[in-house]
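Colleague: work-v8.cif is the file, holding mmCIF, C-alpha atoms:
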```
data_target
loop_
_atom_site.label_atom_id
_atom_site.label_comp_id
_atom_site.auth_asym_id
_atom_site.auth_seq_id
_atom_site.Cartn_x
_atom_site.Cartn_y
_atom_site.Cartn_z
CA MET N 179 68.86 88.78 86.79
CA ASN N 180 70.56 90.37 83.77
CA LYS N 181 73.36 88.07 82.57
CA VAL N 182 74.62 87.33 79.06
CA ILE N 183 77.24 84.80 77.95
CA LEU N 184 78.37 84.99 74.31
CA VAL N 185 81.00 83.29 72.17
CA GLY N 186 81.74 84.68 68.72
CA ARG N 187 84.23 86.29 66.38
CA LEU N 188 85.00 89.99 66.25
CA THR N 189 83.52 91.52 63.09
CA ARG N 190 86.01 94.40 63.12
CA ASP N 191 88.94 95.65 65.17
CA PRO N 192 87.89 97.10 68.54
CA GLU N 193 87.55 100.90 68.69
CA THR N 194 89.03 102.34 71.88
CA ARG N 195 88.78 105.87 73.26
CA GLN N 196 89.19 107.69 76.54
CA ALA N 197 86.14 109.08 78.33
CA GLY N 198 87.75 111.17 81.01
CA GLU N 199 90.00 108.77 82.89
CA THR N 200 88.04 105.69 81.79
CA THR N 201 88.98 103.59 78.76
CA VAL N 202 86.00 102.58 76.60
CA THR N 203 86.22 99.90 73.90
CA ARG N 204 83.42 99.15 71.41
CA PHE N 205 83.18 96.23 69.01
CA SER N 206 80.70 93.71 67.66
CA ILE N 207 80.86 89.96 67.34
CA ALA N 208 79.21 87.41 65.05
CA VAL N 209 77.38 84.80 67.13
CA ASP N 210 76.01 81.79 65.26
CA ARG N 211 72.40 80.90 65.96
CA ARG N 212 71.72 77.38 67.12
CA PHE N 213 69.49 76.48 64.17
CA LYS N 214 69.83 77.26 60.47
CA GLN N 215 67.21 79.25 58.60
CA ASP N 216 66.35 78.40 54.99
CA GLY N 217 69.40 76.15 54.67
CA GLY N 218 71.95 78.85 55.60
CA GLN N 219 73.74 79.60 58.83
CA ALA N 220 72.12 82.50 60.67
CA ALA N 221 74.06 84.79 62.99
CA ASP N 222 73.43 87.72 65.29
CA PHE N 223 75.78 90.71 65.62
CA PRO N 224 75.46 92.21 69.10
CA SER N 225 77.19 95.47 69.90
CA ILE N 226 79.62 95.12 72.83
CA VAL N 227 81.00 97.84 75.14
CA ALA N 228 83.75 97.35 77.72
CA PHE N 229 85.16 99.77 80.29
CA GLY N 230 88.39 100.16 82.28
CA LYS N 231 90.86 97.28 82.48
CA THR N 232 88.57 95.01 80.48
CA ALA N 233 88.50 97.59 77.67
CA GLU N 234 92.29 97.92 77.73
CA PHE N 235 92.72 94.12 77.64
CA ILE N 236 90.41 93.75 74.62
CA SER N 237 92.06 96.64 72.80
CA LYS N 238 95.52 95.17 73.30
CA TYR N 239 94.94 91.47 72.64
CA PHE N 240 91.94 91.12 70.29
CA HIS N 241 91.45 91.98 66.63
CA LYS N 242 89.04 91.28 63.77
CA GLY N 243 88.33 87.58 63.27
CA MET N 244 89.46 86.39 66.71
CA LYS N 245 87.11 84.23 68.73
CA ILE N 246 86.13 85.70 72.10
CA ALA N 247 84.07 84.45 75.03
CA LEU N 248 82.47 87.09 77.21
CA GLU N 249 80.15 87.50 80.12
CA GLY N 250 78.19 90.66 80.74
CA ARG N 251 74.78 92.27 80.90
CA ILE N 252 72.33 93.87 78.47
CA GLN N 253 71.88 97.62 78.68
CA THR N 254 69.34 99.64 76.71
CA GLY N 255 69.31 103.35 76.12
CA SER N 256 67.90 106.09 73.94
CA TYR N 257 68.87 109.46 72.56
CA GLU N 258 67.37 112.12 70.32
CA LYS N 259 69.08 113.35 67.17
CA ASP N 260 67.54 115.83 64.74
CA GLY N 261 64.16 115.38 66.44
CA VAL N 262 64.21 111.60 65.96
CA ASN N 263 64.36 109.17 68.89
CA HIS N 264 66.97 106.41 68.56
CA TYR N 265 67.08 103.32 70.78
CA THR N 266 70.19 101.31 71.58
CA THR N 267 70.85 97.84 72.97
CA ASP N 268 74.41 96.94 74.00
CA VAL N 269 76.07 94.13 75.87
CA ILE N 270 78.32 95.51 78.61
CA ALA N 271 81.30 93.12 78.83
CA GLU N 272 82.32 92.42 82.41
CA ALA N 273 84.65 89.45 81.80
CA VAL N 274 86.33 88.25 78.60
CA GLU N 275 88.64 85.44 77.61
CA PHE N 276 90.28 83.90 74.58
CA ALA N 277 88.02 81.26 72.98
CA GLU N 278 90.62 79.54 70.80
CA SER N 279 94.28 78.68 70.91
CA LYS N 280 96.90 81.00 69.48
CA ARG N 281 97.62 78.44 66.73
CA ALA N 282 93.98 78.54 65.61
CA ASP N 283 94.27 82.31 65.15
CA ALA N 284 96.14 83.09 61.94
CA GLY N 285 97.12 86.61 63.04
CA GLU N 286 100.07 87.63 65.17
CA THR N 287 98.62 88.63 68.52
CA PRO N 288 100.74 89.54 71.54
CA GLN N 289 99.97 87.39 74.58
CA PRO N 290 100.05 88.76 78.13
CA SER N 291 103.24 88.09 80.07
CA ALA N 292 103.16 86.56 83.55
CA ASN N 293 103.56 90.05 85.06
CA GLU N 294 100.67 91.43 82.99
CA TRP N 295 98.44 88.53 84.10
CA ALA N 296 99.38 89.28 87.72
CA ASP N 297 98.46 92.96 87.20
CA ILE N 298 95.12 91.97 85.66
CA GLU N 299 94.38 89.52 88.48
CA ASN N 300 95.32 92.09 91.14
CA ASP N 301 92.85 94.58 89.65
CA LEU N 302 89.89 92.17 89.80
CA PRO N 303 87.18 93.24 92.23
CA PHE N 304 86.94 89.67 93.56
CA LYS N 305 89.59 87.10 94.50
#
```
Go ahead and express the file in the form of structure tokens.
Modeller:
Amino acid sequence: MNKVILVGRLTRDPETRQAGETTVTRFSIAVDRRFKQDGGQAADFPSIVAFGKTAEFISKYFHKGMKIALEGRIQTGSYEKDGVNHYTTDVIAEAVEFAESKRADAGETPQPSANEWADIENDLPFK
């Protein structure tokens, strides 16, 4: 089974682009480690990729510093550039949600309207 659940803060604004007809959003989050190392808080910074409606949702409602909870899977890959092999590890976000209240977030973020939530729920592959 390949399943990842993460809660963290976006380290930068999401970058969104179109790949054909599919929306792709990339971002990274800071996830605190459970235990401190050498007296300081340690964190990991996984790279996250989302596709389709999930990508559009993240692009519209999340920005740098916001806390996000996501569920997904790990995907590895590789490519060659200038004769050098590069290896990648990404988390593919399959479900995301807000991890703090709007008041806790200092920025002005638009919230989905009831109609937008209905559209999102209607597009889910499960009911």
Colleague: When distances are computed from only C-alpha atoms, which of N:Lys214, N:Arg190, N:Lys181, N:Arg204 shows the smallest separation from N:Ile226?
Modeller: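 The shortest atom-to-atom distance to N:Ile226 comes from N:Arg204.
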Colleague: What does the structure give for the distance between atom CA of N:Asp191 and atom CA of N:Thr232, in Å to one decimal?
Modeller: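 We find that atom CA of N:Asp191 and atom CA of N:Thr232 lie 15.3 Å from each other.
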Colleague: Decode the PyMOL selection byres ((chain N and resi 183) around 9) for the given file into explicit residues and return them as a list in words.
Modeller: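 Taken over the shown coordinates, the PyMOL selection byres ((chain N and resi 183) around 9) returns Lys181, Val182, Leu184, Val185, Ala247, Leu248, Glu249, Gly250 and Arg251 of chain N.
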Colleague: Which residues come within 10 Å of N:Ala277, counting only C-alpha atoms, excluding same-chain residues fewer than 2 positions away, as a PyMOL selection string?
Modeller: chain N and resi 185-187+244-248+274-275+279-280+282
Colleague: With the file shown as input, list the residues that the PyMOL selection byres ((chain N and resi 235) around 10) selects, as a list in words.
Modeller: Thr203, Ala228, Phe229, Gly230, Lys231, Thr232, Ala233, Glu234, Ile236, Ser237, Lys238, Tyr239, Phe240, Val274, Glu275, Pro290, Glu294 and Ile298 of chain N
Colleague: Those residues with C-alpha atoms, as a compact mmCIF listing (two decimals), in the frame of the given file please?
Modeller:
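Below is the file part37.txt, written as the result:
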```
# COMPACT_ATOMS: atom_id res chain seq x y z
CA THR N 203 86.22 99.90 73.90
CA ALA N 228 83.75 97.35 77.72
CA PHE N 229 85.16 99.77 80.29
CA GLY N 230 88.39 100.16 82.28
CA LYS N 231 90.86 97.28 82.48
CA THR N 232 88.57 95.01 80.48
CA ALA N 233 88.50 97.59 77.67
CA GLU N 234 92.29 97.92 77.73
CA ILE N 236 90.41 93.75 74.62
CA SER N 237 92.06 96.64 72.80
CA LYS N 238 95.52 95.17 73.30
CA TYR N 239 94.94 91.47 72.64
CA PHE N 240 91.94 91.12 70.29
CA VAL N 274 86.33 88.25 78.60
CA GLU N 275 88.64 85.44 77.61
CA PRO N 290 100.05 88.76 78.13
CA GLU N 294 100.67 91.43 82.99
CA ILE N 298 95.12 91.97 85.66
```
